[in-house]
Amino acid sequence: MYRFNIFPETKLIVVQYQGDIYLSDITQLNLAAMVHPDYDPAFNGISDERLANIILSNADIRVLTDRFREHGLSGKWAHLISTPRSAVSADKYKQASKDIHDNNMFSSVAAAANYVGVADLEKYLFE
């Protein structure tokens, strides 16, 4: 499961994933976000993966990076993680997408907030 919000006033996209997440889930999210009237590929983002089990193969990550390159994703993204498996997926994505946009993984909201430049990030996250 996923949900997202776009906050144009802070140029921020917040995504929360829960449960087992596959390429198909991320694809559905991307399609929904891209047709949202406030979507901008230059916005920074938070990918909250603390309640998720991200299941992506290396081939899946290549599909994602190709898609993001094609759609001009350029914002800085922080991946909030809490498990070693999430860290591995986030690191693989970080390495594969380093020529597309800045992204990094964090275990604390404060560090993620600092990275994307939103001081009061807690108020934008899902409960």
# chains A, B, ... in the order shown; residues from 1 in each chain; ligands from 1
$ select_by_dssp --residues "chain A" --states "strand (DSSP E or B)" --output "JSON, numbers by chain"
{"A": [2, 3, 4, 5, 6, 7, 12, 13, 14, 15, 16, 17, 18, 19, 20, 21, 44, 45, 46, 47, 48, 49, 50, 51, 52, 53, 54, 77, 78, 79, 80, 103, 104, 105, 106]}
$ select_by_dssp --residues "chain A" --states "alpha helix (DSSP H)" --output "PyMOL selection string"
chain A and resi 23-34+58-70+84-96+109-116
$ write_last_selection --atoms "C-alpha atoms" --output "compact mmCIF listing (two decimals), in the first residue's frame"
# COMPACT_ATOMS: atom_id res chain seq x y z
CA LEU A 23 7.73 -2.48 -8.79
CA SER A 24 4.04 -2.53 -9.73
CA ASP A 25 3.16 -0.55 -6.57
CA ILE A 26 5.81 2.07 -7.25
CA THR A 27 4.66 2.28 -10.88
CA GLN A 28 1.05 2.90 -9.78
CA LEU A 29 2.23 5.59 -7.36
CA ASN A 30 4.34 7.30 -10.01
CA LEU A 31 1.46 7.36 -12.49
CA ALA A 32 -0.90 8.81 -9.88
CA ALA A 33 1.62 11.45 -8.79
CA MET A 34 2.50 12.55 -12.32
CA ASN A 58 18.28 -5.07 -9.84
CA ALA A 59 16.22 -5.18 -13.05
CA ASP A 60 13.32 -3.42 -11.26
CA ILE A 61 15.68 -0.67 -10.13
CA ARG A 62 16.89 -0.21 -13.72
CA VAL A 63 13.26 0.15 -14.85
CA LEU A 64 12.67 2.80 -12.18
CA THR A 65 15.79 4.78 -12.98
CA ASP A 66 15.05 4.69 -16.70
CA ARG A 67 11.51 5.93 -16.03
CA PHE A 68 12.69 8.72 -13.71
CA ARG A 69 15.32 9.81 -16.23
CA GLU A 70 12.66 9.89 -18.97
CA PRO A 84 18.45 -3.60 6.80
CA ARG A 85 16.46 -4.81 3.77
CA SER A 86 15.16 -1.28 3.17
CA ALA A 87 18.71 0.02 3.48
CA VAL A 88 19.91 -2.40 0.81
CA SER A 89 17.13 -1.41 -1.61
CA ALA A 90 17.66 2.30 -0.96
CA ASP A 91 21.41 1.96 -1.44
CA LYS A 92 20.99 0.06 -4.72
CA TYR A 93 18.62 2.76 -5.94
CA LYS A 94 20.99 5.52 -4.79
CA GLN A 95 23.86 4.03 -6.77
CA ALA A 96 21.75 3.44 -9.89
CA VAL A 109 13.15 12.31 10.50
CA ALA A 110 15.42 15.16 11.63
CA ALA A 111 18.23 14.08 9.32
CA ALA A 112 15.82 13.61 6.39
CA ALA A 113 14.32 17.04 7.07
CA ASN A 114 17.73 18.66 7.02
CA TYR A 115 18.60 16.89 3.76
CA VAL A 116 15.51 18.14 1.90
$ closest_residue --among "A:Thr83, A:Asn44, A:Gln18, A:Asn53" --to "A:Phe106" --atoms "only C-alpha atoms"
A:Thr83
$ residues_around --residues "A:Pro37" --least-positions-apart "6" --cutoff "12 Å" --atoms "only C-alpha atoms" --output "VMD selection string"
chain A and resid 5 to 8
$ write_last_selection --atoms "C-alpha atoms" --output "compact mmCIF listing (two decimals), in the first residue's frame"
# COMPACT_ATOMS: atom_id res chain seq x y z
CA ASN A 5 0.70 14.13 -0.67
CA ILE A 6 2.14 17.04 -2.60
CA PHE A 7 2.78 20.33 -0.82
CA PRO A 8 3.41 23.01 -3.47
$ residues_around --residues "stretch 100-103 of chain A" --least-positions-apart "3" --cutoff "6 Å" --atoms "only C-alpha atoms" --output "count of residues only"
5
$ closest_residue --among "A:Phe126, A:Ile13, A:Ile55, A:Met105" --to "A:Leu80" --atoms "only C-alpha atoms"
A:Met105
$ closest_residue --among "A:Tyr2, A:Ala42, A:Ser47, A:Ala52" --to "A:Val14" --atoms "only C-alpha atoms"
A:Ser47
$ closest_residue --among "A:Lys98, A:His71, A:Ala119, A:Tyr124" --to "A:Ile46" --atoms "only C-alpha atoms"
A:Tyr124
